[in-house]
$ cat query.tsv   # TSV, C-alpha atoms
chain	number	residue	atom	x	y	z
Z	93	MET	CA	0.00	0.00	0.00
Z	94	THR	CA	1.32	3.44	-0.91
Z	95	PRO	CA	2.00	5.57	2.18
Z	96	ILE	CA	-0.34	8.52	2.70
Z	97	ARG	CA	1.96	11.49	3.18
Z	98	ASP	CA	-0.29	14.47	2.55
Z	99	ARG	CA	-2.81	14.27	5.36
Z	100	GLY	CA	-3.10	13.24	8.97
Z	101	ILE	CA	-5.08	10.56	10.75
Z	102	PRO	CA	-8.87	11.21	10.81
Z	103	PHE	CA	-8.88	10.93	14.60
Z	104	HIS	CA	-12.39	12.32	15.08
Z	105	THR	CA	-13.93	9.41	13.13
Z	106	LEU	CA	-12.20	6.63	15.05
Z	107	GLU	CA	-14.01	4.29	17.42
Z	108	ARG	CA	-11.32	1.63	17.96
Z	109	LEU	CA	-7.70	2.77	18.19
Z	110	LEU	CA	-4.57	0.80	19.06
Z	111	VAL	CA	-1.45	2.43	20.48
Z	112	ARG	CA	1.79	0.45	20.60
Z	113	GLY	CA	3.42	1.70	23.76
Z	114	THR	CA	7.10	1.88	24.59
Z	115	ASN	CA	8.91	-0.91	26.44
Z	116	TRP	CA	10.60	0.81	29.39
Z	117	ILE	CA	9.23	2.65	32.40
Z	118	GLY	CA	10.98	5.96	31.74
Z	119	ASP	CA	9.97	5.96	28.09
Z	120	VAL	CA	6.36	5.23	29.07
Z	121	VAL	CA	6.31	8.25	31.39
Z	122	MET	CA	7.69	10.44	28.61
Z	123	THR	CA	4.94	9.28	26.21
Z	124	LEU	CA	2.11	10.40	28.51
Z	125	PRO	CA	1.68	13.84	26.87
Z	126	ALA	CA	1.49	12.12	23.47
Z	127	LEU	CA	-1.20	9.78	24.82
Z	128	ARG	CA	-3.09	12.79	26.14
Z	129	ALA	CA	-2.93	14.37	22.67
Z	130	ILE	CA	-4.22	11.14	21.10
Z	131	ARG	CA	-7.08	11.02	23.61
Z	132	ARG	CA	-8.06	14.64	22.88
Z	133	SER	CA	-7.88	13.97	19.13
Z	134	ALA	CA	-10.08	10.88	19.25
Z	135	PRO	CA	-12.75	11.53	21.90
Z	136	ARG	CA	-15.07	8.84	20.47
Z	137	ALA	CA	-12.45	6.11	20.33
Z	138	ARG	CA	-11.86	3.28	22.72
Z	139	ILE	CA	-8.08	3.37	23.07
Z	140	THR	CA	-6.18	0.14	23.68
Z	141	ILE	CA	-2.47	0.18	24.44
Z	142	LEU	CA	-0.24	-2.78	23.61
Z	143	VAL	CA	2.72	-3.04	26.00
Z	144	LYS	CA	5.14	-5.43	27.64
Z	145	PRO	CA	3.96	-6.84	30.99
Z	146	TRP	CA	6.55	-5.07	33.14
Z	147	VAL	CA	5.09	-1.60	32.35
Z	148	ALA	CA	1.39	-2.53	32.28
Z	149	ASP	CA	0.60	-1.44	35.86
Z	150	LEU	CA	1.53	2.14	35.03
Z	151	PHE	CA	-1.49	2.47	32.73
Z	152	ASP	CA	-3.87	1.94	35.64
Z	153	LEU	CA	-2.99	5.56	36.47
Z	154	CYS	CA	-3.41	6.86	32.90
Z	155	PRO	CA	-6.89	8.23	32.18
Z	156	ASP	CA	-6.14	8.46	28.46
Z	157	VAL	CA	-6.15	4.67	27.95
Z	158	ASP	CA	-9.23	2.44	28.13
Z	159	ASP	CA	-7.74	-1.06	27.77
Z	160	VAL	CA	-4.34	-2.71	28.10
Z	161	MET	CA	-3.18	-5.64	25.97
Z	162	ILE	CA	-0.03	-7.50	26.97
Z	163	TYR	CA	2.69	-8.28	24.44
Z	164	GLU	CA	4.44	-11.28	25.98
Z	165	SER	CA	7.78	-11.61	24.24
Z	166	PRO	CA	9.68	-13.38	25.67
Z	167	GLY	CA	6.70	-15.66	26.23
Z	168	ILE	CA	3.69	-16.67	24.17
Z	169	HIS	CA	4.27	-13.98	21.52
Z	170	GLU	CA	7.91	-14.87	20.90
Z	171	GLY	CA	9.06	-15.83	17.40
Z	172	LEU	CA	7.12	-15.72	14.14
Z	173	THR	CA	4.36	-17.99	15.44
Z	174	GLY	CA	3.87	-15.87	18.52
Z	175	LYS	CA	3.73	-12.67	16.50
Z	176	TRP	CA	1.23	-14.22	14.11
Z	177	ASN	CA	-0.95	-15.20	17.10
Z	178	LEU	CA	-0.68	-11.67	18.49
Z	179	ALA	CA	-1.63	-10.21	15.11
Z	180	ARG	CA	-4.63	-12.54	14.98
Z	181	SER	CA	-5.75	-11.35	18.42
Z	182	LEU	CA	-5.45	-7.75	17.25
Z	183	ARG	CA	-7.37	-8.52	14.04
Z	184	GLU	CA	-10.27	-9.86	16.11
Z	185	LYS	CA	-10.61	-6.45	17.79
Z	186	ASP	CA	-11.10	-4.73	14.42
Z	187	PHE	CA	-8.95	-1.68	15.12
Z	188	GLN	CA	-9.36	1.14	12.62
Z	189	ALA	CA	-5.95	2.70	13.27
Z	190	ALA	CA	-2.70	2.07	15.09
Z	191	ILE	CA	-0.32	4.73	16.44
Z	192	LEU	CA	3.15	3.32	17.03
Z	193	LEU	CA	4.99	5.14	19.81
Z	194	GLN	CA	7.58	2.36	19.76
Z	195	ASN	CA	10.08	2.67	16.92
Z	196	ALA	CA	10.82	-0.99	16.17
Z	197	PHE	CA	10.24	-2.63	12.77
Z	198	GLU	CA	8.24	-5.41	14.40
Z	199	ALA	CA	5.66	-2.93	15.72
Z	200	ALA	CA	4.79	-1.96	12.14
Z	201	PHE	CA	5.00	-5.56	10.93
Z	202	ILE	CA	2.57	-6.85	13.56
Z	203	THR	CA	-0.02	-4.15	12.85
Z	204	LEU	CA	0.28	-4.86	9.13
Z	205	LEU	CA	-0.30	-8.58	9.80
Z	206	ALA	CA	-3.30	-7.59	11.92
Z	207	GLY	CA	-4.86	-5.85	8.94
Z	208	ILE	CA	-5.21	-2.49	10.69
Z	209	PRO	CA	-6.05	-0.06	7.87
Z	210	LEU	CA	-4.26	3.05	9.19
Z	211	ARG	CA	-0.79	2.61	10.67
Z	212	ALA	CA	1.23	5.61	11.80
Z	213	GLY	CA	4.59	6.21	13.44
Z	214	TYR	CA	8.09	7.42	12.79
Z	215	GLY	CA	9.41	6.02	9.53
Z	216	THR	CA	12.53	4.59	11.17
Z	217	ASP	CA	14.13	1.12	11.15
Z	218	GLY	CA	13.17	0.48	7.53
Z	219	ARG	CA	9.46	0.39	8.24
Z	220	SER	CA	8.18	3.32	6.14
Z	221	LEU	CA	6.66	1.04	3.51
Z	222	LEU	CA	4.73	-0.84	6.19
Z	223	LEU	CA	3.06	2.35	7.44
Z	224	THR	CA	0.24	4.26	5.80
Z	225	HIS	CA	1.30	7.40	7.66
Z	226	PRO	CA	5.09	7.40	8.13
Z	227	VAL	CA	6.35	10.47	9.96
Z	228	LYS	CA	9.76	11.80	8.98
Z	229	ARG	CA	12.18	12.04	11.90
Z	230	GLY	CA	14.55	14.96	11.49
Z	231	LYS	CA	17.78	15.61	13.38
Z	232	ALA	CA	16.27	18.53	15.28
Z	233	ILE	CA	13.77	16.38	17.16
Z	234	LEU	CA	16.57	14.09	18.40
Z	235	ALA	CA	18.14	17.06	20.18
Z	236	ARG	CA	14.96	17.89	22.11
Z	237	HIS	CA	13.58	16.25	25.23
Z	238	GLN	CA	12.05	12.86	24.51
Z	239	ILE	CA	8.65	14.12	25.64
Z	240	HIS	CA	8.70	16.29	22.51
Z	241	TYR	CA	9.93	13.35	20.43
Z	242	TYR	CA	6.67	11.47	20.99
Z	243	LEU	CA	4.37	14.49	21.16
Z	244	GLU	CA	5.63	16.02	17.91
Z	245	MET	CA	4.92	12.77	16.07
Z	246	VAL	CA	1.29	12.87	17.20
Z	247	LYS	CA	1.04	16.57	16.31
Z	248	THR	CA	2.36	15.82	12.82
Z	249	LEU	CA	-0.45	13.31	12.41
Z	250	GLY	CA	-3.02	15.98	13.26
Z	251	GLY	CA	-3.13	15.84	17.04
Z	252	PRO	CA	-3.29	18.97	19.24
Z	253	ASP	CA	-0.51	20.43	21.34
Z	254	THR	CA	-1.73	19.52	24.82
Z	255	GLY	CA	1.46	20.62	26.58
Z	256	THR	CA	4.30	18.63	28.10
Z	257	ASP	CA	3.28	18.58	31.75
Z	258	ILE	CA	3.08	15.16	33.39
Z	259	ARG	CA	1.49	14.35	36.72
Z	260	LEU	CA	0.51	10.89	37.93
Z	261	LEU	CA	-1.94	10.64	40.80
Z	262	PRO	CA	-1.47	7.65	43.14
Z	263	GLY	CA	-4.22	5.04	43.04
Z	264	LYS	CA	-6.79	5.01	45.83
Z	265	ASP	CA	-5.40	1.68	47.01
Z	266	TYR	CA	-1.79	2.90	47.07
Z	267	PRO	CA	-1.61	3.92	50.77
Z	268	ALA	CA	-2.71	0.43	51.88
Z	269	ALA	CA	-0.44	-1.25	49.32
Z	270	ALA	CA	2.57	0.80	50.43
Z	271	GLU	CA	1.83	0.09	54.09
Z	272	LYS	CA	1.67	-3.63	53.41
Z	273	VAL	CA	4.96	-3.68	51.50
Z	274	LEU	CA	6.79	-1.64	54.12
Z	275	ARG	CA	5.51	-3.73	57.02
Z	276	THR	CA	6.41	-6.93	55.17
Z	277	HIS	CA	9.99	-5.61	55.00
Z	278	GLY	CA	10.17	-4.72	58.67
Z	279	SER	CA	9.17	-1.06	58.65
Z	280	SER	CA	6.48	0.51	60.80
Z	281	GLY	CA	5.25	2.34	57.74
Z	282	GLU	CA	5.98	5.70	59.36
Z	283	GLY	CA	8.26	8.07	57.44
Z	284	PRO	CA	9.62	10.35	56.31
Z	285	PHE	CA	11.06	8.10	53.60
Z	286	LEU	CA	14.01	8.72	51.33
Z	287	GLY	CA	13.77	6.65	48.16
Z	288	ILE	CA	17.00	5.67	46.43
Z	289	ALA	CA	17.21	3.98	43.01
Z	290	PRO	CA	20.93	3.19	42.67
Z	291	GLY	CA	20.70	1.01	39.54
Z	292	ALA	CA	20.29	1.71	35.84
Z	293	THR	CA	19.10	-0.67	33.14
Z	294	TYR	CA	21.27	0.66	30.33
Z	295	GLY	CA	24.62	0.04	32.00
Z	296	PRO	CA	27.08	0.97	34.76
Z	297	ALA	CA	28.11	4.25	33.09
Z	298	LYS	CA	24.81	5.71	34.36
Z	299	MET	CA	25.39	4.61	37.97
Z	300	TRP	CA	26.74	6.80	40.76
Z	301	PHE	CA	28.75	5.13	43.54
Z	302	ALA	CA	27.23	2.94	46.27
Z	303	ASP	CA	29.31	4.51	49.03
Z	304	ARG	CA	28.22	8.02	48.04
Z	305	PHE	CA	24.55	7.07	47.98
Z	306	ALA	CA	25.07	5.62	51.46
Z	307	ARG	CA	26.89	8.70	52.72
Z	308	VAL	CA	24.02	10.95	51.64
Z	309	SER	CA	21.49	8.56	53.15
Z	310	ASP	CA	23.28	8.49	56.51
Z	311	ARG	CA	23.63	12.25	56.75
Z	312	LEU	CA	19.96	12.79	55.87
Z	313	ALA	CA	19.00	10.18	58.47
Z	314	ASP	CA	21.11	11.97	61.09
Z	315	GLU	CA	19.83	15.46	60.31
Z	316	PHE	CA	16.28	14.94	59.00
Z	317	GLY	CA	15.31	11.55	60.44
Z	318	VAL	CA	14.60	9.96	57.06
Z	319	LYS	CA	14.32	6.21	56.57
Z	320	THR	CA	15.88	5.00	53.33
Z	321	VAL	CA	14.06	2.66	50.94
Z	322	LEU	CA	16.06	1.10	48.11
Z	323	PHE	CA	14.26	0.45	44.82
Z	324	GLY	CA	15.12	-1.42	41.63
Z	325	SER	CA	14.70	-4.50	39.49
Z	326	PRO	CA	16.15	-7.95	40.30
Z	327	ALA	CA	19.21	-6.94	38.27
Z	328	ASP	CA	19.66	-3.93	40.60
Z	329	ARG	CA	19.70	-6.07	43.73
Z	330	PRO	CA	23.53	-6.24	43.97
Z	331	ILE	CA	24.02	-2.46	43.80
Z	332	ALA	CA	21.18	-1.96	46.27
Z	333	GLU	CA	22.81	-4.43	48.66
Z	334	ALA	CA	26.11	-2.60	48.25
Z	335	VAL	CA	24.46	0.71	49.23
Z	336	ALA	CA	22.87	-0.94	52.28
Z	337	ARG	CA	26.24	-2.42	53.36
Z	338	GLU	CA	27.95	0.95	53.11
Z	339	GLY	CA	25.41	2.74	55.29
Z	340	ARG	CA	25.49	3.15	59.06
Z	341	HIS	CA	21.70	3.24	59.32
Z	342	PRO	CA	19.54	0.26	58.32
Z	343	MET	CA	17.78	0.52	54.96
Z	344	ILE	CA	14.67	-1.16	53.54
Z	345	ASN	CA	15.79	-2.97	50.40
Z	346	LEU	CA	12.89	-3.53	47.97
Z	347	ALA	CA	15.06	-4.05	44.87
Z	348	GLY	CA	13.81	-7.08	42.96
Z	349	SER	CA	11.10	-7.93	45.48
Z	350	THR	CA	8.09	-5.85	44.41
Z	351	SER	CA	5.77	-5.53	41.46
Z	352	LEU	CA	5.77	-2.24	39.59
Z	353	LYS	CA	2.50	-1.29	41.26
Z	354	GLU	CA	3.94	-1.98	44.72
Z	355	ALA	CA	7.07	0.04	43.90
Z	356	MET	CA	4.96	2.94	42.65
Z	357	ALA	CA	2.83	2.83	45.78
Z	358	VAL	CA	5.90	3.13	48.02
Z	359	ILE	CA	7.53	5.78	45.80
Z	360	SER	CA	4.39	7.88	46.15
Z	361	ARG	CA	4.99	7.82	49.95
Z	362	CYS	CA	8.54	9.17	49.70
Z	363	ARG	CA	9.44	12.63	50.96
Z	364	LEU	CA	12.47	12.74	48.68
Z	365	PHE	CA	13.84	10.54	45.87
Z	366	LEU	CA	17.47	10.14	44.79
Z	367	SER	CA	18.28	8.35	41.57
Z	368	ASN	CA	20.51	7.84	38.59
Z	369	ASP	CA	18.97	8.50	35.16
Z	370	SER	CA	16.43	5.66	35.29
Z	371	GLY	CA	12.79	4.73	34.82
Z	372	LEU	CA	12.09	5.06	38.54
Z	373	MET	CA	13.51	8.59	38.40
Z	374	HIS	CA	10.86	9.48	35.82
Z	375	LEU	CA	8.14	7.89	37.94
Z	376	ALA	CA	9.12	9.85	41.04
Z	377	GLY	CA	9.12	13.08	39.06
Z	378	ALA	CA	5.71	12.27	37.59
Z	379	PHE	CA	4.33	11.75	41.12
Z	380	GLY	CA	5.60	15.20	42.05
Z	381	ILE	CA	8.08	13.81	44.60
Z	382	PRO	CA	11.02	16.17	45.30
Z	383	LEU	CA	13.78	14.50	43.31
Z	384	ILE	CA	17.52	14.60	42.79
Z	385	ALA	CA	18.75	13.00	39.57
Z	386	VAL	CA	22.44	12.25	39.08
Z	387	PHE	CA	23.48	12.42	35.42
Z	388	GLY	CA	26.84	11.34	34.02
Z	389	SER	CA	27.01	9.57	30.68
Z	390	THR	CA	23.50	10.54	29.56
Z	391	ASN	CA	22.06	13.86	28.44
Z	392	PRO	CA	19.70	15.75	30.79
Z	393	ARG	CA	18.61	17.87	27.85
Z	394	THR	CA	16.81	14.86	26.36
Z	395	THR	CA	15.96	12.65	29.37
Z	396	SER	CA	15.80	14.89	32.45
Z	397	PRO	CA	12.97	14.10	34.89
Z	398	VAL	CA	9.69	15.97	34.95
Z	399	GLY	CA	8.37	17.66	38.07
Z	400	GLU	CA	8.72	21.17	39.47
Z	401	LYS	CA	10.83	19.88	42.35
Z	402	SER	CA	13.26	17.85	40.25
Z	403	VAL	CA	16.94	18.80	40.51
Z	404	VAL	CA	19.53	17.48	38.07
Z	405	ILE	CA	23.13	17.22	39.26
Z	406	THR	CA	25.74	16.89	36.53
Z	407	LYS	CA	29.29	18.17	36.14
Z	408	ASN	CA	29.34	18.56	32.33
Z	409	ALA	CA	32.58	16.65	31.86
Z	410	SER	CA	34.23	17.25	28.51
Z	411	CYS	CA	33.46	13.67	27.38
Z	412	SER	CA	29.83	13.76	28.56
Z	413	PRO	CA	27.24	12.86	27.41
Z	414	CYS	CA	28.95	9.90	25.75
Z	415	LEU	CA	25.84	7.65	25.93
Z	416	LYS	CA	28.05	4.60	26.42
Z	417	LYS	CA	27.08	1.62	28.58
Z	418	THR	CA	30.48	1.47	30.26
Z	419	CYS	CA	33.01	4.25	30.69
Z	420	PRO	CA	36.04	3.82	28.38
Z	421	THR	CA	38.22	6.26	30.36
Z	422	ASP	CA	38.26	7.54	33.95
Z	423	PHE	CA	34.53	7.91	34.77
Z	424	ARG	CA	35.09	11.59	35.57
Z	425	CYS	CA	31.44	12.49	34.89
Z	426	MET	CA	30.47	10.59	38.05
Z	427	GLU	CA	33.72	10.93	40.00
Z	428	GLU	CA	33.30	14.71	40.07
Z	429	ILE	CA	29.82	14.52	41.65
Z	430	THR	CA	30.45	14.43	45.37
Z	431	ALA	CA	28.26	13.28	48.22
Z	432	GLU	CA	28.32	16.89	49.44
Z	433	ASP	CA	26.88	18.09	46.11
Z	434	VAL	CA	23.96	15.72	46.43
Z	435	TYR	CA	23.47	16.25	50.17
Z	436	GLY	CA	23.29	20.01	49.70
Z	437	ALA	CA	20.51	19.71	47.12
Z	438	ALA	CA	18.70	17.12	49.26
Z	439	ALA	CA	18.84	19.28	52.37
Z	440	ARG	CA	17.37	22.23	50.47
Z	441	LEU	CA	14.47	20.12	49.18
Z	442	LEU	CA	13.78	18.58	52.59
Z	443	SER	CA	13.78	22.03	54.19
Z	444	GLU	CA	10.99	23.21	51.88
Z	445	PRO	CA	7.36	22.70	52.93
Z	446	LYS	CA	5.65	19.60	51.61
Z	447	GLU	CA	3.08	20.14	48.87
Z	448	GLY	CA	-0.13	21.35	50.46
Z	449	GLU	CA	1.58	22.73	53.57
Z	450	ALA	CA	1.89	26.42	54.32

$ encode --input "query.tsv" --output "structure tokens"
Amino acid sequence: MTPIRDRGIPFHTLERLLVRGTNWIGDVVMTLPALRAIRRSAPRARITILVKPWVADLFDLCPDVDDVMIYESPGIHEGLTGKWNLARSLREKDFQAAILLQNAFEAAFITLLAGIPLRAGYGTDGRSLLLTHPVKRGKAILARHQIHYYLEMVKTLGGPDTGTDIRLLPGKDYPAAAEKVLRTHGSSGEGPFLGIAPGATYGPAKMWFADRFARVSDRLADEFGVKTVLFGSPADRPIAEAVAREGRHPMINLAGSTSLKEAMAVISRCRLFLSNDSGLMHLAGAFGIPLIAVFGSTNPRTTSPVGEKSVVITKNASCSPCLKKTCPTDFRCMEEITAEDVYGAAARLLSEPKEGEA
């Protein structure tokens, strides 16, 4: 089918719309303004988002999505047979259009197999001919924050500019869920809590040092009475354990032992959050938690956290941002960020009134 390049998606006519969501927590948070624009564009449509299971819980807090479908690969949708079965499931829902926030070739291939008539997304990864509405991705958009990356694609397709603000509201069951998790791990459930996410999925070049996280935690415990909660995936468990070993005060280590929903519930209870550039950093910012984000190898211009009380600490080393998984030289981008730098920013944020207080 010849791509349609001269007009946008007829959003106002749609009744059944599929969105292929992104695969990682931080990316999902940064797509929320684009989802809001899609929702405003297609007020009549029932919007279904197709995502990997490890980000699905986040959409319980997204009012712009009606249904969630799980793409289980690895799992039942792995390989050509699995993708064919997924496409068949999508075909049965008779979607009129698909918006692909994910860039991969397979996202376009699956929606083509599903027989979805209108298929739109960035024309990257050799998939332009599979899309009816391929959007050209210029160099300028790659230099902007990733929120704009997704939002501008939807605007090009005819969606409105709904702004870039992001705010997630905790679920009504979050206080009880957080209490249960904290008590299960030996806490009374009484804060104030300092959340620390010391890991990073992409690689060790994004990770600040365990002993410095611990030093900040101890000083904040001494001076502000905070209790530290460590967050992360199962892969982050070793770095979380290292932070706990380095500290003088006991810490609650949740890394690898909670669902995403449970982690979000506890994050929403935190008085302050300290993180590398990570998905949990983006979640904390979206909840409006005062946040300190440590950036080394990655670029805060494109992936800084949202939130009015988010502080980015970076030293702008001459080799940064290198975007490498591991540092090929002396790791100066992180070495130059001291525990005192981070403590100072944390103390300022903790000294400010909590939201809603005079």

$ closest_residue --input "query.tsv" --among "Z:Phe387, Z:Trp146, Z:Phe379, Z:Tyr163" --to "Asp257 (chain Z)" --atoms "all atoms listed in the file"
Z:Phe379

$ closest_atom_pairs --input "query.tsv" --of "region 357-390 of chain Z" --to "region 258-266 of chain Z" --cutoff "12 Å" --atoms "only C-alpha atoms" --output "CSV"
residue,atom,partner,partner_atom,distance
Z:Ala357,CA,Z:Tyr266,CA,4.8
Z:Val358,CA,Z:Tyr266,CA,7.8
Z:Ile359,CA,Z:Pro262,CA,9.6
Z:Ser360,CA,Z:Pro262,CA,6.6
Z:Arg361,CA,Z:Tyr266,CA,8.9
Z:His374,CA,Z:Ile258,CA,9.9
Z:Leu375,CA,Z:Leu260,CA,8.2
Z:Ala376,CA,Z:Leu260,CA,9.2
Z:Gly377,CA,Z:Arg259,CA,8.1
Z:Ala378,CA,Z:Arg259,CA,4.8
Z:Phe379,CA,Z:Leu260,CA,5.1
Z:Gly380,CA,Z:Arg259,CA,6.8
Z:Ile381,CA,Z:Arg259,CA,10.3

$ residues_around --input "query.tsv" --residues "Ala212 (chain Z)" --least-positions-apart "6" --cutoff "7 Å" --atoms "all atoms listed in the file" --output "NGL selection string"
:Z and (190-192 or 223-226)

$ residues_around --input "query.tsv" --residues "Ile130 (chain Z)" --least-positions-apart "3" --cutoff "9 Å" --atoms "only C-alpha atoms" --output "PyMOL selection string"
chain Z and resi 103+125-127+133-135+139+156+191+246-247+251-252

$ closest_residue --input "query.tsv" --among "Z:Glu354, Z:Asp433, Z:Leu442, Z:Arg304" --to "Glu271 (chain Z)" --atoms "all atoms listed in the file"
Z:Glu354

$ closest_residue --input "query.tsv" --among "Z:Ala332, Z:Ala270, Z:Leu124, Z:Ile202" --to "Pro155 (chain Z)" --atoms "only C-alpha atoms"
Z:Leu124

$ atom_distance --input "query.tsv" --atom1 "CA of Arg440 (chain Z)" --atom2 "CA of Ala292 (chain Z)"
25.4 Å

$ closest_residue --input "query.tsv" --among "Z:Ile344, Z:Val398, Z:Val120, Z:Met161" --to "Gly281 (chain Z)" --atoms "all atoms listed in the file"
Z:Ile344

$ axis_aligned_box --input "query.tsv" --around "region 248-258 of chain Z" --padding-each-side "4 Å" --output "AutoDock Vina command-line options"
--center_x 0.5 --center_y 17.0 --center_z 22.9 --size_x 15.6 --size_y 15.3 --size_z 29.0

$ residues_around --input "query.tsv" --residues "Asp158 (chain Z)" --least-positions-apart "5" --cutoff "12 Å" --atoms "only C-alpha atoms" --output "list in words"
Glu107, Arg108, Leu109, Leu110, Val111, Leu127, Arg131, Pro135, Arg136, Ala137, Arg138, Ile139, Thr140, Ile141, Leu142, Phe151, Asp152 and Leu153 of chain Z

$ atom_distance --input "query.tsv" --atom1 "CA of Gly118 (chain Z)" --atom2 "CA of Arg307 (chain Z)"
26.5 Å

$ residues_around --input "query.tsv" --residues "Arg183 (chain Z)" --least-positions-apart "4" --cutoff "8 Å" --atoms "only C-alpha atoms" --output "list in words"
Ala179, Phe187, Ala206, Gly207 and Ile208 of chain Z
